[in-house]
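Novice: run21.txt (compact mmCIF, C-alpha atoms and all ligand atoms) pasted underneath:
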```txt
# COMPACT_ATOMS: atom_id res chain seq x y z
CA MET F 1 0.00 0.00 0.00
CA SER F 2 1.21 3.51 -0.66
CA SER F 3 1.60 5.92 2.19
CA LEU F 4 -0.99 8.29 0.69
CA ALA F 5 -3.57 5.49 0.30
CA TRP F 6 -3.06 4.53 3.94
CA SER F 7 -3.43 8.18 5.08
CA LEU F 8 -6.69 8.41 3.15
CA ALA F 9 -7.95 5.05 4.48
CA PHE F 10 -7.21 6.16 8.04
CA ALA F 11 -8.83 9.59 7.58
CA PHE F 12 -11.87 7.97 5.95
CA ALA F 13 -12.26 5.42 8.75
CA LEU F 14 -11.98 8.17 11.36
CA ALA F 15 -14.57 10.34 9.59
CA ALA F 16 -16.92 7.38 9.12
CA SER F 17 -16.58 6.40 12.78
CA LEU F 18 -17.26 9.99 13.93
CA GLY F 19 -20.22 10.29 11.58
CA LEU F 20 -21.72 7.01 12.73
CA ARG F 21 -21.30 7.80 16.43
CA THR F 22 -22.70 11.32 16.04
CA TRP F 23 -25.73 9.98 14.18
CA LEU F 24 -26.36 7.37 16.90
CA ALA F 25 -25.96 9.92 19.70
CA SER F 26 -28.37 12.37 18.07
CA ARG F 27 -30.93 9.56 17.62
CA GLN F 28 -30.60 8.71 21.31
CA MET F 29 -30.97 12.36 22.35
CA ARG F 30 -34.08 12.87 20.24
CA HIS F 31 -35.66 9.64 21.46
CA VAL F 32 -35.00 10.31 25.15
CA ALA F 33 -36.14 13.95 24.91
CA ARG F 34 -39.36 12.95 23.12
CA HIS F 35 -40.26 10.44 25.87
CA ARG F 36 -39.18 12.67 28.76
CA ASP F 37 -42.66 13.64 29.95
CA ALA F 38 -44.38 10.24 30.12
CA VAL F 39 -43.38 7.18 32.15
CA PRO F 40 -43.64 4.14 29.82
CA THR F 41 -46.79 2.10 30.48
CA PRO F 42 -45.21 -0.97 32.17
CA PHE F 43 -43.58 1.30 34.76
CA GLN F 44 -46.51 3.58 35.60
CA GLY F 45 -47.09 3.33 39.33
CA THR F 46 -43.55 2.07 40.08
CA VAL F 47 -41.47 4.89 38.57
CA SER F 48 -42.32 8.49 39.41
CA ILE F 49 -42.43 11.16 36.71
CA ALA F 50 -39.71 13.07 38.62
CA ALA F 51 -37.35 10.08 38.54
CA HIS F 52 -38.15 9.50 34.87
CA ARG F 53 -37.37 13.12 33.99
CA LYS F 54 -34.17 13.02 36.00
CA ALA F 55 -33.06 9.91 34.09
CA ALA F 56 -33.78 11.68 30.79
CA ASP F 57 -31.86 14.81 31.79
CA TYR F 58 -28.93 12.79 33.12
CA THR F 59 -28.79 10.68 29.93
CA LEU F 60 -28.80 13.84 27.78
CA ALA F 61 -26.05 15.45 29.87
CA ARG F 62 -23.82 12.36 29.60
CA ILE F 63 -24.33 12.17 25.84
CA ARG F 64 -23.45 15.84 25.41
CA LEU F 65 -20.25 15.24 27.39
CA GLY F 66 -19.61 12.18 25.21
CA HIS F 67 -19.92 14.42 22.13
CA TRP F 68 -17.23 16.74 23.43
CA GLN F 69 -14.98 13.86 24.41
CA MET F 70 -15.36 12.29 20.98
CA ALA F 71 -14.60 15.54 19.14
CA PHE F 72 -11.67 16.32 21.39
CA GLY F 73 -10.33 12.77 21.01
CA ALA F 74 -10.48 13.08 17.22
CA VAL F 75 -8.61 16.40 17.30
CA THR F 76 -5.83 15.04 19.51
CA LEU F 77 -5.61 11.88 17.39
CA LEU F 78 -5.12 13.97 14.24
CA GLY F 79 -2.66 16.16 16.14
CA TRP F 80 -0.56 13.15 17.10
CA THR F 81 -0.66 11.52 13.66
CA LEU F 82 -1.32 13.43 10.44
CA PHE F 83 -0.31 16.81 11.92
CA GLY F 84 3.00 15.50 13.18
CA GLY F 85 2.80 15.64 17.00
CA LEU F 86 4.15 12.14 17.54
CA ASP F 87 6.87 12.65 14.95
CA LEU F 88 8.06 15.81 16.70
CA LEU F 89 8.08 14.20 20.14
CA ASN F 90 9.88 11.18 18.69
CA ARG F 91 12.64 13.36 17.16
CA VAL F 92 13.20 15.12 20.49
CA LEU F 93 13.44 11.90 22.50
CA LEU F 94 15.57 10.16 19.86
CA GLU F 95 18.17 12.88 20.27
CA ALA F 96 17.87 13.36 24.00
CA ILE F 97 17.70 9.76 25.22
CA LEU F 98 18.80 7.20 22.64
CA PRO F 99 22.53 8.11 22.51
CA HIS F 100 22.91 8.21 26.30
CA TRP F 101 20.61 5.55 27.70
CA GLY F 102 19.95 3.19 24.78
CA ASN F 103 17.01 1.70 22.88
CA LEU F 104 14.93 0.39 25.71
CA ALA F 105 15.03 3.60 27.75
CA TYR F 106 14.14 5.63 24.66
CA GLY F 107 11.19 3.33 23.88
CA VAL F 108 9.83 3.41 27.44
CA ALA F 109 10.30 7.21 27.60
CA LEU F 110 8.38 7.70 24.34
CA PHE F 111 5.54 5.56 25.64
CA GLY F 112 5.49 7.35 28.97
CA ALA F 113 5.55 10.79 27.32
CA VAL F 114 2.67 9.99 24.93
CA LEU F 115 0.49 8.43 27.63
CA GLY F 116 1.32 11.22 30.08
CA ILE F 117 0.38 13.97 27.62
CA GLU F 118 -2.81 12.13 26.55
CA GLY F 119 -3.78 11.71 30.21
CA LEU F 120 -3.23 15.39 31.00
CA LEU F 121 -5.18 16.51 27.94
CA HIS F 122 -8.23 14.54 29.05
CA VAL F 123 -8.22 15.76 32.66
CA PRO F 124 -10.50 18.81 32.15
CA LEU F 125 -13.35 16.87 30.53
CA ASP F 126 -13.04 14.08 33.12
CA LEU F 127 -13.21 16.66 35.90
CA TYR F 128 -16.27 18.21 34.31
CA GLY F 129 -17.89 14.75 34.19
CA THR F 130 -17.28 14.12 37.90
CA PHE F 131 -17.58 17.55 39.51
CA GLY F 132 -19.96 19.00 36.92
CA ILE F 133 -22.49 16.42 35.73
CA GLU F 134 -22.26 13.77 38.47
CA ALA F 135 -22.42 16.47 41.15
CA ARG F 136 -25.34 18.27 39.47
CA PHE F 137 -27.40 15.05 39.55
CA GLY F 138 -26.40 14.24 43.12
CA PHE F 139 -24.23 11.21 42.34
CA ASN F 140 -20.79 12.55 43.07
CA ARG F 141 -19.26 11.84 46.49
CA MET F 142 -15.70 12.49 45.33
CA THR F 143 -13.76 15.33 46.96
CA TRP F 144 -10.92 17.22 45.29
CA SER F 145 -8.36 15.71 47.67
CA LEU F 146 -9.66 12.19 46.99
CA TRP F 147 -9.51 12.91 43.26
CA LEU F 148 -5.90 14.07 43.58
CA SER F 149 -4.84 11.10 45.70
CA ASP F 150 -6.52 8.71 43.19
CA ALA F 151 -4.66 10.42 40.36
CA ILE F 152 -1.29 10.15 42.14
CA LYS F 153 -1.85 6.48 43.06
CA GLY F 154 -2.94 5.73 39.49
CA LEU F 155 0.15 7.42 38.10
CA LEU F 156 2.51 5.54 40.45
CA LEU F 157 0.81 2.22 39.58
CA ALA F 158 1.08 2.98 35.86
CA ILE F 159 4.81 3.62 36.26
CA ALA F 160 5.40 0.59 38.50
CA ILE F 161 3.38 -1.89 36.41
CA GLY F 162 3.09 -0.35 32.94
CA GLY F 163 6.78 0.61 32.73
CA PRO F 164 8.16 -2.93 33.12
CA LEU F 165 5.43 -4.36 30.86
CA VAL F 166 6.24 -1.92 28.05
CA ALA F 167 9.96 -2.61 28.53
CA LEU F 168 9.32 -6.37 28.33
CA VAL F 169 7.26 -6.10 25.13
CA LEU F 170 9.83 -3.79 23.51
CA TRP F 171 12.63 -6.19 24.49
CA ILE F 172 10.68 -9.12 22.98
CA MET F 173 10.13 -7.13 19.77
CA SER F 174 13.84 -6.44 19.40
CA ALA F 175 15.18 -9.82 20.53
CA SER F 176 12.92 -12.60 19.31
CA GLY F 177 12.95 -12.53 15.51
CA PRO F 178 10.07 -12.64 13.01
CA LEU F 179 7.62 -14.34 15.39
CA TRP F 180 8.04 -11.60 17.98
CA TRP F 181 4.31 -10.77 17.83
CA LEU F 182 3.45 -14.26 19.08
CA TRP F 183 5.80 -13.91 22.06
CA ALA F 184 4.60 -10.39 22.74
CA TRP F 185 1.01 -11.65 22.73
CA LEU F 186 1.97 -14.44 25.14
CA ALA F 187 3.61 -11.95 27.53
CA TRP F 188 0.54 -9.72 27.32
CA ALA F 189 -1.80 -12.69 27.97
CA VAL F 190 0.19 -13.85 31.02
CA PHE F 191 0.21 -10.29 32.33
CA ASN F 192 -3.59 -10.11 32.00
CA LEU F 193 -4.12 -13.42 33.78
CA ILE F 194 -1.87 -12.32 36.64
CA ALA F 195 -3.82 -9.06 36.82
CA LEU F 196 -7.05 -11.04 37.32
CA VAL F 197 -5.60 -12.29 40.61
CA LEU F 198 -3.74 -9.15 41.68
CA VAL F 199 -6.41 -6.53 40.95
CA PRO F 200 -9.00 -7.72 43.52
CA THR F 201 -6.48 -8.70 46.21
CA VAL F 202 -3.75 -6.07 45.95
CA ILE F 203 -4.72 -3.16 43.72
CA ALA F 204 -8.41 -2.54 44.50
CA PRO F 205 -7.66 -2.26 48.27
CA LEU F 206 -5.35 0.66 47.46
CA PHE F 207 -8.40 2.64 46.35
CA ASN F 208 -11.23 1.31 48.53
CA ARG F 209 -11.81 -0.26 51.90
CA PHE F 210 -13.08 -3.85 51.87
CA GLU F 211 -14.71 -5.23 54.99
CA PRO F 212 -16.20 -8.67 55.55
CA LEU F 213 -19.99 -8.70 55.25
CA LYS F 214 -21.27 -8.22 58.81
CA ASP F 215 -25.02 -8.71 58.29
CA ALA F 216 -25.39 -12.32 59.55
CA SER F 217 -28.83 -13.01 58.07
CA LEU F 218 -27.80 -11.68 54.66
CA GLU F 219 -24.62 -13.73 54.84
CA ALA F 220 -26.61 -16.90 55.63
CA ARG F 221 -28.90 -16.14 52.68
CA VAL F 222 -25.97 -15.62 50.33
CA ARG F 223 -24.11 -18.71 51.55
CA ALA F 224 -27.25 -20.82 51.03
CA LEU F 225 -27.53 -19.53 47.47
CA MET F 226 -23.88 -20.32 46.79
CA ALA F 227 -24.28 -23.82 48.24
CA ARG F 228 -27.33 -24.45 46.02
CA ALA F 229 -25.33 -23.29 43.03
CA GLY F 230 -22.21 -25.26 43.99
CA PHE F 231 -20.06 -22.16 44.08
CA ALA F 232 -17.15 -21.53 46.42
CA ALA F 233 -15.81 -18.06 47.17
CA LYS F 234 -13.08 -17.06 49.59
CA GLY F 235 -15.01 -14.25 51.12
CA LEU F 236 -17.94 -11.88 51.06
CA PHE F 237 -16.92 -8.26 51.19
CA VAL F 238 -18.55 -4.87 51.38
CA MET F 239 -16.77 -2.09 49.51
CA ASP F 240 -17.11 1.60 50.39
CA GLY F 241 -18.27 2.59 46.89
CA SER F 242 -20.05 5.53 48.53
CA ARG F 243 -16.68 7.26 48.91
CA ARG F 244 -16.78 8.20 45.24
CA SER F 245 -20.27 7.80 43.88
CA ALA F 246 -23.86 7.04 44.78
CA HIS F 247 -24.16 4.54 41.92
CA GLY F 248 -24.67 0.99 43.23
CA ASN F 249 -23.20 -2.31 42.06
CA ALA F 250 -22.22 -5.85 43.01
CA TYR F 251 -19.59 -8.03 41.43
CA PHE F 252 -17.38 -10.92 42.05
CA THR F 253 -13.86 -11.18 40.87
CA GLY F 254 -10.75 -13.25 40.71
CA PHE F 255 -9.88 -16.86 40.20
CA GLY F 256 -9.19 -19.75 42.53
CA ALA F 257 -7.89 -18.56 45.86
CA ALA F 258 -8.47 -14.92 44.95
CA ARG F 259 -12.16 -15.35 44.15
CA ARG F 260 -14.39 -13.08 46.17
CA VAL F 261 -17.84 -11.56 46.16
CA VAL F 262 -17.97 -7.79 46.55
CA PHE F 263 -21.06 -5.70 47.34
CA PHE F 264 -21.02 -1.92 47.10
CA ASP F 265 -22.26 -0.41 50.35
CA THR F 266 -24.57 1.75 48.21
CA LEU F 267 -26.24 -1.42 46.90
CA LEU F 268 -26.80 -2.93 50.38
CA ALA F 269 -28.25 0.34 51.65
CA ARG F 270 -30.83 0.40 48.88
CA LEU F 271 -31.96 -3.20 48.25
CA LYS F 272 -33.93 -5.65 50.38
CA PRO F 273 -32.11 -8.92 51.31
CA GLU F 274 -34.03 -10.97 48.73
CA GLU F 275 -33.12 -8.40 46.07
CA VAL F 276 -29.43 -8.53 47.00
CA GLU F 277 -29.61 -12.32 46.76
CA ALA F 278 -31.21 -12.11 43.30
CA VAL F 279 -28.57 -9.66 42.04
CA LEU F 280 -25.83 -11.96 43.29
CA ALA F 281 -27.58 -14.91 41.64
CA HIS F 282 -27.39 -13.04 38.35
CA GLU F 283 -23.62 -12.61 38.80
CA LEU F 284 -23.26 -16.28 39.75
CA GLY F 285 -25.21 -17.12 36.59
CA HIS F 286 -22.52 -15.42 34.50
CA PHE F 287 -19.95 -17.59 36.17
CA LYS F 288 -21.89 -20.87 36.05
CA LEU F 289 -22.86 -20.46 32.39
CA GLY F 290 -19.22 -20.00 31.41
CA HIS F 291 -19.66 -16.37 30.31
CA ILE F 292 -16.59 -15.17 32.15
CA VAL F 293 -14.28 -17.84 30.78
CA ARG F 294 -15.66 -17.28 27.28
CA ARG F 295 -15.25 -13.51 27.58
CA ILE F 296 -11.60 -13.92 28.59
CA GLY F 297 -11.07 -16.45 25.78
CA ALA F 298 -12.61 -14.07 23.22
CA MET F 299 -10.44 -11.22 24.49
CA LEU F 300 -7.27 -13.32 24.17
CA ALA F 301 -8.25 -14.52 20.67
CA ALA F 302 -9.02 -10.98 19.49
CA ALA F 303 -5.69 -9.80 20.88
CA LEU F 304 -3.85 -12.62 19.08
CA LEU F 305 -5.42 -11.56 15.79
CA MET F 306 -4.46 -7.95 16.47
CA PHE F 307 -0.87 -8.83 17.36
CA ALA F 308 -0.61 -10.94 14.16
CA ILE F 309 -1.84 -8.07 11.97
CA PHE F 310 0.45 -5.78 13.87
CA GLY F 311 3.42 -8.11 13.35
CA TRP F 312 2.98 -7.48 9.65
CA LEU F 313 2.16 -3.74 9.85
CA ALA F 314 5.19 -2.87 11.98
CA GLY F 315 7.48 -3.91 9.09
CA GLN F 316 5.80 -1.70 6.45
CA SER F 317 7.23 1.79 6.06
CA TRP F 318 3.91 3.17 4.72
CA PHE F 319 2.30 2.27 8.07
CA TYR F 320 4.46 4.97 9.68
CA THR F 321 4.68 7.60 6.97
CA GLY F 322 0.95 7.35 6.21
CA LEU F 323 0.30 8.31 9.86
CA GLY F 324 2.63 11.29 9.80
CA VAL F 325 5.70 9.65 11.38
CA ARG F 326 9.13 9.19 9.79
CA PRO F 327 10.45 5.76 10.80
CA GLY F 328 14.15 5.60 11.64
CA LEU F 329 16.40 3.78 9.18
CA ALA F 330 19.19 3.12 11.67
CA THR F 331 17.14 3.37 14.88
CA PRO F 332 14.49 0.99 16.29
CA ASN F 333 10.84 1.75 15.51
CA ASP F 334 9.22 -0.70 17.92
CA ALA F 335 7.90 1.88 20.38
CA LEU F 336 6.60 4.07 17.55
CA ALA F 337 4.82 1.10 16.01
CA LEU F 338 3.16 0.14 19.31
CA ILE F 339 1.97 3.69 19.91
CA LEU F 340 0.56 4.03 16.39
CA LEU F 341 -1.28 0.74 16.85
CA MET F 342 -2.72 2.05 20.11
CA PHE F 343 -4.01 5.11 18.24
CA VAL F 344 -5.34 3.33 15.16
CA ALA F 345 -6.93 0.17 16.61
CA PRO F 346 -9.88 1.91 18.35
CA VAL F 347 -10.83 3.75 15.13
CA PHE F 348 -11.25 0.51 13.21
CA GLY F 349 -12.47 -1.33 16.31
CA SER F 350 -15.47 1.00 16.73
CA PHE F 351 -17.13 -0.74 13.76
CA ILE F 352 -17.07 -4.20 15.37
CA ALA F 353 -18.11 -2.99 18.85
CA PRO F 354 -21.81 -3.89 18.23
CA LEU F 355 -20.83 -7.56 17.82
CA PHE F 356 -19.45 -7.64 21.36
CA ALA F 357 -22.37 -5.62 22.73
CA GLY F 358 -24.83 -8.08 21.15
CA LEU F 359 -23.05 -11.06 22.65
CA SER F 360 -22.97 -9.35 26.04
CA ARG F 361 -26.74 -8.66 25.92
CA ARG F 362 -27.43 -12.33 25.16
CA HIS F 363 -25.34 -13.29 28.21
CA GLU F 364 -27.33 -10.86 30.36
CA PHE F 365 -30.63 -12.51 29.37
CA GLU F 366 -29.13 -15.93 30.13
CA ALA F 367 -27.82 -14.80 33.54
CA ASP F 368 -31.23 -13.28 34.37
CA ALA F 369 -32.93 -16.58 33.51
CA TRP F 370 -30.40 -18.50 35.60
CA ALA F 371 -31.03 -16.13 38.53
CA ALA F 372 -34.80 -16.62 38.20
CA ARG F 373 -34.30 -20.40 38.48
CA HIS F 374 -32.01 -20.25 41.52
CA ALA F 375 -33.41 -17.22 43.35
CA ASP F 376 -36.49 -15.00 43.15
CA GLY F 377 -37.07 -13.63 39.63
CA GLN F 378 -39.53 -10.99 40.85
CA ALA F 379 -36.96 -9.76 43.40
CA LEU F 380 -34.42 -9.48 40.57
CA ALA F 381 -36.92 -7.46 38.55
CA SER F 382 -37.58 -5.03 41.39
CA ALA F 383 -33.83 -4.76 42.11
CA LEU F 384 -33.14 -3.95 38.45
CA LEU F 385 -35.77 -1.25 38.52
CA LYS F 386 -34.29 0.31 41.69
CA LEU F 387 -30.78 0.20 40.24
CA HIS F 388 -32.04 1.82 37.05
CA GLU F 389 -33.66 4.57 39.06
CA ASP F 390 -30.60 5.08 41.30
CA ASN F 391 -28.27 5.24 38.31
CA ALA F 392 -30.74 7.46 36.42
CA SER F 393 -30.56 5.11 33.43
CA THR F 394 -33.19 5.96 30.88
CA LEU F 395 -36.12 3.56 30.45
CA THR F 396 -36.68 4.81 26.90
CA PRO F 397 -33.46 4.40 24.91
CA ASP F 398 -33.46 4.65 21.13
CA PRO F 399 -33.64 1.03 19.85
CA VAL F 400 -30.87 1.50 17.27
CA TYR F 401 -28.57 3.20 19.78
CA ALA F 402 -29.21 0.40 22.31
CA ARG F 403 -28.45 -2.30 19.74
CA PHE F 404 -25.17 -0.65 18.88
CA TYR F 405 -23.82 0.25 22.32
CA TYR F 406 -25.74 -1.35 25.18
CA SER F 407 -23.87 -4.14 26.96
CA HIS F 408 -27.06 -4.73 28.99
CA PRO F 409 -30.51 -5.05 27.39
CA PRO F 410 -32.90 -2.12 28.03
CA ALA F 411 -34.87 -2.51 31.29
CA VAL F 412 -38.18 -2.99 29.44
CA GLU F 413 -36.82 -6.08 27.68
CA ARG F 414 -35.15 -7.57 30.77
CA LEU F 415 -38.26 -7.14 32.91
CA ALA F 416 -40.44 -8.58 30.16
CA ALA F 417 -38.15 -11.64 29.93
CA LEU F 418 -38.41 -12.06 33.72
CA GLY F 419 -42.17 -12.02 33.40
CA ALA F 420 -42.51 -8.91 35.56
ZN ZN C 501 -24.82 -9.29 34.09
```
Would you mind writing the structure in this file as C-alpha cells?
Specialist:
Amino acid sequence: MSSLAWSLAFAFALAASLGLRTWLASRQMRHVARHRDAVPTPFQGTVSIAAHRKAADYTLARIRLGHWQMAFGAVTLLGWTLFGGLDLLNRVLLEAILPHWGNLAYGVALFGAVLGIEGLLHVPLDLYGTFGIEARFGFNRMTWSLWLSDAIKGLLLAIAIGGPLVALVLWIMSASGPLWWLWAWLAWAVFNLIALVLVPTVIAPLFNRFEPLKDASLEARVRALMARAGFAAKGLFVMDGSRRSAHGNAYFTGFGAARRVVFFDTLLARLKPEEVEAVLAHELGHFKLGHIVRRIGAMLAAALLMFAIFGWLAGQSWFYTGLGVRPGLATPNDALALILLMFVAPVFGSFIAPLFAGLSRRHEFEADAWAARHADGQALASALLKLHEDNASTLTPDPVYARFYYSHPPAVERLAALGA
C-alpha cells in the first residue's frame, strides 16, 4: 500500500466512525427527549415522573459530554498523527535519550511521554464529568483531595506496572525474531491473567476499603444460594463505593484462591435482602454459564489476531509515513509502532463494537434466567428497577442506539423476559 492510500484510508475510517457515532448519539438524544414527559406504560405506578425526567436529563447530559470527548479525542488523534505531533516528540526523545541511555530507555520514555500527555489533555473533561455532571445530579461523592490522591496512586501504579510491561514487550520485539508478535502476545496474555488475581487482592484495596460482610442473616442467605449453586468463594466483602459515587453495584472477581464476592455499600443500603440475593444470583449465573471464561477467551483470541496483523504492519514503512511519522532507518521503531497501533486500533475497532455488545446482551438474558431459576425472579426485577432509578438510566433508549452500544438489554426487555 502507498503511504498516501493509507493516510486516506485512516482519515476515511476516522470520519466514518465519527459520523456514525454522532448519528447514533443524536438519535438517542431525540428519542430520550421525546419520551421525557411520560413514564412508559409498564412502569406507571412504580417509577415516578420526577425520577423518569431526572433519568432523561442525566442521559442527555452524559451524551453531550460524550460528544465533546469524541470531538476532542479526534482532534488530539489527528494532532498526534497526520499533523506530526508524535513525529516531533519522537525526534526530540531520539536525540535526547537514545545516545545516552539506549534503545529500551528511549522506547519506554516515548511511551510514557505519549500516555502522560494524553492523560493530562483529558483531565479537564473528566473533571467536568465528575464535579460537573455527576455532582449536578447528586451522584458525586468524590472530593478534590480524593480525586488528587486517586490520580497520584494511578500514576505511580502505571509507572510501577506499565513501565516494566512496556519494557518487556519492547525487548521481545527487538530480541525474538520474526515471530516476535506471538511472544509479545503471550507476555501480554500472562500479564492479563496475573492481573485477574492481583487486581482484587492487591490493587483494588489501594483505592477502597473492603470489609467482611457483617449482616449475619444476609450472609446466611448468600451462603445458602452459593451452596445451592455449587459455588465456592473465599469471602464476602462490602466495599465503600459511597466514597466516590452514589451509583450501586455488586460483582465478584478473581480466580481460585483470589475469588471473592464484593457488594457496594450503596447497593446494600438500597436493596432488600431478597433483592441482593437475586442480584448476586445473576452474577453467579454469568460464572456458572461460562460467560466469564468465554469472555476472557474471546479477548485473548481478538488480541492474538491484532498482534498478528500488527506483526505485519510494523514492518511496512507506509504504516508509519501514512500516519505522519518518519520511521528511523538506523534506529528501532518498535515503540513508535506500538503507539501508532494504540491510536489506530480503536478507530477501526469501533465498527465491530456492536458484535461484542450483542453477545454481552445475550449473556445478560441468560444470567437473568439463571437467577430466576435459583433465586427470586420478581426480586431481581424489582432490584433492576431500583438500580435503574438510582443510576438514572433511561427507560426509553433509542432502539438503534441500544443495539449498537448497550452491553445490557434495556430494562423494558429484561423485565419482560423475567415475566414482571
Ligand atoms: Zn450481568
Novice: Could you tell me how far CA of Ser17 in chain F lies from CA of Phe348 in chain F, in Å and to one decimal?
Specialist: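 It comes out at 8.0 Å.
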Novice: Using all atoms listed in the file and a cutoff of 10 Å, can you tell me which residues are near (-27.0, -18.4, 43.1) in the file's coordinates, and write them out as a JSON list (two decimals) with C-alpha atoms, in the frame of the given file?
Specialist:
```
[["chain", "number", "residue", "atom", "x", "y", "z"],
["F", 222, "VAL", "CA", -25.97, -15.62, 50.33],
["F", 223, "ARG", "CA", -24.11, -18.71, 51.55],
["F", 224, "ALA", "CA", -27.25, -20.82, 51.03],
["F", 225, "LEU", "CA", -27.53, -19.53, 47.47],
["F", 226, "MET", "CA", -23.88, -20.32, 46.79],
["F", 227, "ALA", "CA", -24.28, -23.82, 48.24],
["F", 228, "ARG", "CA", -27.33, -24.45, 46.02],
["F", 229, "ALA", "CA", -25.33, -23.29, 43.03],
["F", 230, "GLY", "CA", -22.21, -25.26, 43.99],
["F", 231, "PHE", "CA", -20.06, -22.16, 44.08],
["F", 277, "GLU", "CA", -29.61, -12.32, 46.76],
["F", 278, "ALA", "CA", -31.21, -12.11, 43.30],
["F", 279, "VAL", "CA", -28.57, -9.66, 42.04],
["F", 280, "LEU", "CA", -25.83, -11.96, 43.29],
["F", 281, "ALA", "CA", -27.58, -14.91, 41.64],
["F", 282, "HIS", "CA", -27.39, -13.04, 38.35],
["F", 283, "GLU", "CA", -23.62, -12.61, 38.80],
["F", 284, "LEU", "CA", -23.26, -16.28, 39.75],
["F", 285, "GLY", "CA", -25.21, -17.12, 36.59],
["F", 287, "PHE", "CA", -19.95, -17.59, 36.17],
["F", 288, "LYS", "CA", -21.89, -20.87, 36.05],
["F", 370, "TRP", "CA", -30.40, -18.50, 35.60],
["F", 371, "ALA", "CA", -31.03, -16.13, 38.53],
["F", 372, "ALA", "CA", -34.80, -16.62, 38.20],
["F", 373, "ARG", "CA", -34.30, -20.40, 38.48],
["F", 374, "HIS", "CA", -32.01, -20.25, 41.52],
["F", 375, "ALA", "CA", -33.41, -17.22, 43.35]]
```
Novice: For a quick check of understanding, using only C-alpha atoms, which of F:Leu125, F:Leu157, F:Leu415, F:Ala216 has the smallest distance to Val199 in chain F?
Specialist: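 The shortest atom-to-atom distance to Val199 in chain F comes from F:Leu157.
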Novice: Rank nothing, just name the residue among F:Leu82, F:Trp318, F:Leu341, F:Ile292 nearest to ligand ZN 501 (chain C), using all atoms listed in the file.
Specialist: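 Looking only at the distances to ligand ZN 501 (chain C), the closest residue turns out to be F:Ile292.
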Novice: Residues within 9 Å of ligand ZN 501 (chain C) (only C-alpha atoms and all ligand atoms), as a ChimeraX atom specification?
Specialist: /F:279,282-283,285-286,360-361,363-368,407-408
Novice: Give me the residues within 9 Å of range 103-109 of chain F as a PDB file with C-alpha atoms, in the coordinates of the input, counting only C-alpha atoms and dropping any in the same chain fewer than 6 places off.
Specialist:
```pdb
ATOM      1  CA  LEU F  93      13.440  11.900  22.500  1.00  0.00           C
ATOM      2  CA  LEU F  94      15.570  10.160  19.860  1.00  0.00           C
ATOM      3  CA  ALA F  96      17.870  13.360  24.000  1.00  0.00           C
ATOM      4  CA  ILE F  97      17.700   9.760  25.220  1.00  0.00           C
ATOM      5  CA  GLY F 163       6.780   0.610  32.730  1.00  0.00           C
ATOM      6  CA  PRO F 164       8.160  -2.930  33.120  1.00  0.00           C
ATOM      7  CA  VAL F 166       6.240  -1.920  28.050  1.00  0.00           C
ATOM      8  CA  ALA F 167       9.960  -2.610  28.530  1.00  0.00           C
ATOM      9  CA  LEU F 170       9.830  -3.790  23.510  1.00  0.00           C
ATOM     10  CA  TRP F 171      12.630  -6.190  24.490  1.00  0.00           C
ATOM     11  CA  THR F 331      17.140   3.370  14.880  1.00  0.00           C
ATOM     12  CA  PRO F 332      14.490   0.990  16.290  1.00  0.00           C
ATOM     13  CA  ASN F 333      10.840   1.750  15.510  1.00  0.00           C
ATOM     14  CA  ASP F 334       9.220  -0.700  17.920  1.00  0.00           C
ATOM     15  CA  ALA F 335       7.900   1.880  20.380  1.00  0.00           C
ATOM     16  CA  LEU F 336       6.600   4.070  17.550  1.00  0.00           C
TER      17      LEU F 336
END
```
Novice: Which residues of range 127-194 of chain F come within 12 Å of range 257-268 of chain F, and for each one, what is the closest pair of atoms and their distance in Å to one decimal, counting all atoms listed in the file, sorted by chain and residue number, as CSV?
Specialist:
```
residue,atom,partner,partner_atom,distance
F:Phe139,CA,F:Thr266,CA,11.1
F:Arg141,CA,F:Thr266,CA,11.5
F:Ile194,CA,F:Ala258,CA,10.9
```
Novice: Tell me which of F:Val47, F:Ala25, F:Ala195, F:Ala74 sits closest to Ala61 in chain F, counting all atoms listed in the file.
Specialist: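 Among the listed residues, the smallest separation from Ala61 in chain F belongs to F:Ala25.
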Novice: Please report the interatomic distance between CA of Ala379 in chain F and CA of Glu274 in chain F in Å with one decimal.
Specialist: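 Atom-to-atom, CA of Ala379 in chain F to CA of Glu274 in chain F, that is 6.2 Å.
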Novice: Just the number, please: distance in Å from CA of Pro273 in chain F to CA of Pro42 in chain F, one decimal.
Specialist: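 Straight-line distance from CA of Pro273 in chain F to CA of Pro42 in chain F works out to 24.5 Å.
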Novice: Would you place a box with edges along x, y and z of the file around all atoms of range 219-236 of chain F listed there, add 8 Å to each of its six sides, and report the centre and edge lengths in Å to one decimal, as JSON?
Specialist:
```
{"center_x": -21.0, "center_y": -18.6, "center_z": 49.3, "size_x": 31.8, "size_y": 29.4, "size_z": 28.6}
```
Novice: I'd like the contact shell of His35 in chain F - 12 Å cut-off, all atoms listed in the file, skipping same-chain residues fewer than 6 positions apart - returned as number ranges by chain.
Specialist: F: 28-29, 41, 49, 52-53, 55-57, 394-398
Novice: For each of F:Arg270, F:Gly328, F:Ala357, F:Arg27, take the minimum atom-to-atom distance to Arg295 in chain F, counting all atoms listed in the file, then give the residue where this is smallest.
Specialist: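 Closest residue, counting all atoms listed in the file: F:Ala357.
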Novice: Taking only C-alpha atoms into account, name the residue in F:Leu206, F:Met342, F:Val32, F:Val190 that is nearest to Ile152 in chain F.
Specialist: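 Of F:Leu206, F:Met342, F:Val32, F:Val190, the one nearest Ile152 in chain F, counting only C-alpha atoms, is F:Leu206.
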Novice: Have a look at F:Ala392, F:Asp126, F:Leu236, F:Val92 and name the one nearest to Gly138 in chain F; count all atoms listed in the file.
Specialist: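 Of F:Ala392, F:Asp126, F:Leu236, F:Val92, the one nearest Gly138 in chain F is F:Ala392, counting all atoms listed in the file.
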Novice: For the point (4.3, -1.1, 13.2) in file coordinates, what residues are within 8 Å, counting all atoms listed in the file? Give the answer as number ranges by chain?
Specialist: F: 310-316, 319-320, 333-334, 336-338, 340-341
Novice: Could you name the residues that touch Leu300 in chain F at 10 Å or less, counting all atoms listed in the file, but leaving out those on the same chain fewer than 6 positions away, as a list in words?
Specialist: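 Here the answer would be Trp185, Leu186, Trp188, Ala189, Asn192, Arg294 and Met306 of chain F.
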Novice: Applying 10 Å and all atoms listed in the file, which residues near Ala420 in chain F remain after dropping the ones on its own chain fewer than 2 positions away? List them as number ranges by chain.
Specialist: F: 42, 377-382, 412, 414-418
